[in-house]
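Visitor: I'd like to ask you about the structure that follows.
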Amino acid sequence: MKKYFAALALLVSLSPAQAQDSGIVTRPSKFSVAETTSRLVAAIEASGTYQLFWQLDHTANADKEAGAALPPSQLVLFGNPKGGVPLIKDAPTVALDLPNRALIWQDSDGKVWLTYNELAPLFARHSLKRTADQIKVIEARQTALFDKATN
């Protein structure tokens, strides 16, 4: 029983950057939500690989549509149609998770985070057969975008 409570205490103490659940990765940003989002969009547009599909401002929509206040939160959808179309052809359900998305949000302490889906669990969830090396190439491209947005 002591081991159970010790494990529970450790889990509760983990920050969002340390606690990864079901392939969701959360990393800190040095910038505000607006600046992180702007930097991510600029990195996507300059990448030559990805294109920006959509931006959703959860905070503005909550205020406008529900008269409610939310901390700053932006969702960015981006992708590479040449890479995504074959994935959707191989496993149509992957379209639930594509295009790629990144959530930039502020917690109750004012800290800004960028959250995204880890690719290996996403591919496994949809039974996509890709080698570890193929996944690493895509992850490296996305990591470069996220580094430019948060550092």
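Chain labels A, B, ... are given in the sequence in which chains occur in the structure tokens; within each chain residues are numbered consecutively from 1, and ligands are likewise numbered from 1 in the order shown.
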Just the residues within 6 Å of region 45-60 of chain A, please, counting only C-alpha atoms, with nothing from its chain fewer than 6 positions along; format it as number ranges by chain.

Guide: A: 70, 72-80

Visitor: Name the residues of chain A that fall into alpha helix (DSSP H) according to DSSP on the backbone, using the chain letters and numbers of this document, as a PyMOL selection string.

Guide: chain A and resi 2-13+33-46+58-66+81-90+119-125+132-150

Visitor: Which of these residues is nearest to Leu114 (chain A), using only C-alpha atoms: A:Glu35, A:Asp90, A:Glu65, A:Asp97?

Guide: A:Glu35

Visitor: Counting only C-alpha atoms, which of A:Leu98, A:Leu119, A:Lys64, A:Val85 gets nearest to Ala140 (chain A)?

Guide: A:Leu119

Visitor: What does the structure give for the distance between CA of Pro71 (chain A) and CA of Ile24 (chain A), in Å to one decimal?

Guide: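 Interatomic distance, CA of Pro71 (chain A) to CA of Ile24 (chain A): 20.3 Å.
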
Visitor: At what distance in Å, to one decimal, does CA of Val25 (chain A) lie from CA of Pro92 (chain A)?

Guide: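 These two atoms are separated by 23.7 Å.
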
Visitor: Compare A:Ile88, A:Ala120, A:Ala68, A:Asn100 by their minimum atom-to-atom distance to Ala132 (chain A), counting only C-alpha atoms, and give me the closest one.

Guide: A:Ala120

Visitor: What residues in region 30-131 of chain A get the DSSP label strand (DSSP E or B)? Please answer as a ChimeraX atom specification.

Guide: /A:51-57,73-79,100-106,112-117

Visitor: Give me a file of those residues, with C-alpha atoms, as a PDB file, in the first residue's frame.

Guide:
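Produced file result.pdb, reproduced below:
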```pdb
ATOM      1  CA  GLN A  51       1.508  24.308 -44.540  1.00  0.00           C
ATOM      2  CA  LEU A  52      -0.800  26.033 -42.113  1.00  0.00           C
ATOM      3  CA  PHE A  53      -4.381  24.814 -42.409  1.00  0.00           C
ATOM      4  CA  TRP A  54      -6.164  26.536 -39.558  1.00  0.00           C
ATOM      5  CA  GLN A  55      -5.832  28.503 -36.338  1.00  0.00           C
ATOM      6  CA  LEU A  56      -8.424  28.497 -33.593  1.00  0.00           C
ATOM      7  CA  ASP A  57      -8.377  31.006 -30.763  1.00  0.00           C
ATOM      8  CA  SER A  73      -5.292  29.065 -25.724  1.00  0.00           C
ATOM      9  CA  GLN A  74      -4.652  28.625 -29.442  1.00  0.00           C
ATOM     10  CA  LEU A  75      -4.917  25.516 -31.613  1.00  0.00           C
ATOM     11  CA  VAL A  76      -2.828  25.352 -34.796  1.00  0.00           C
ATOM     12  CA  LEU A  77      -3.522  22.735 -37.483  1.00  0.00           C
ATOM     13  CA  PHE A  78      -0.746  22.109 -39.967  1.00  0.00           C
ATOM     14  CA  GLY A  79       0.507  19.359 -42.201  1.00  0.00           C
ATOM     15  CA  ASN A 100      -1.193  17.619 -37.206  1.00  0.00           C
ATOM     16  CA  ARG A 101      -2.092  19.937 -34.375  1.00  0.00           C
ATOM     17  CA  ALA A 102      -0.367  21.907 -31.695  1.00  0.00           C
ATOM     18  CA  LEU A 103      -2.123  23.468 -28.722  1.00  0.00           C
ATOM     19  CA  ILE A 104      -0.493  26.522 -27.178  1.00  0.00           C
ATOM     20  CA  TRP A 105      -2.003  27.308 -23.776  1.00  0.00           C
ATOM     21  CA  GLN A 106      -1.474  29.108 -20.520  1.00  0.00           C
ATOM     22  CA  VAL A 112       2.793  28.792 -21.333  1.00  0.00           C
ATOM     23  CA  TRP A 113       2.900  25.302 -22.813  1.00  0.00           C
ATOM     24  CA  LEU A 114       2.876  23.717 -26.267  1.00  0.00           C
ATOM     25  CA  THR A 115       1.164  20.314 -26.485  1.00  0.00           C
ATOM     26  CA  TYR A 116       1.115  17.911 -29.430  1.00  0.00           C
ATOM     27  CA  ASN A 117       0.648  14.259 -30.319  1.00  0.00           C
TER      28      ASN A 117
END
```

Visitor: With only C-alpha atoms as the atoms that count, which of A:Val137, A:Leu96, A:Ala144, A:Val41 lies nearest to Leu122 (chain A)?

Guide: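 Going through A:Val137, A:Leu96, A:Ala144, A:Val41 one by one, the smallest distance to Leu122 (chain A) is for A:Leu96.
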
Visitor: Quick one: of A:Thr37, A:Glu118, A:Pro81, A:Ala42, who's nearest to Gln142 (chain A), counting only C-alpha atoms?

Guide: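 Closest candidate: A:Glu118.
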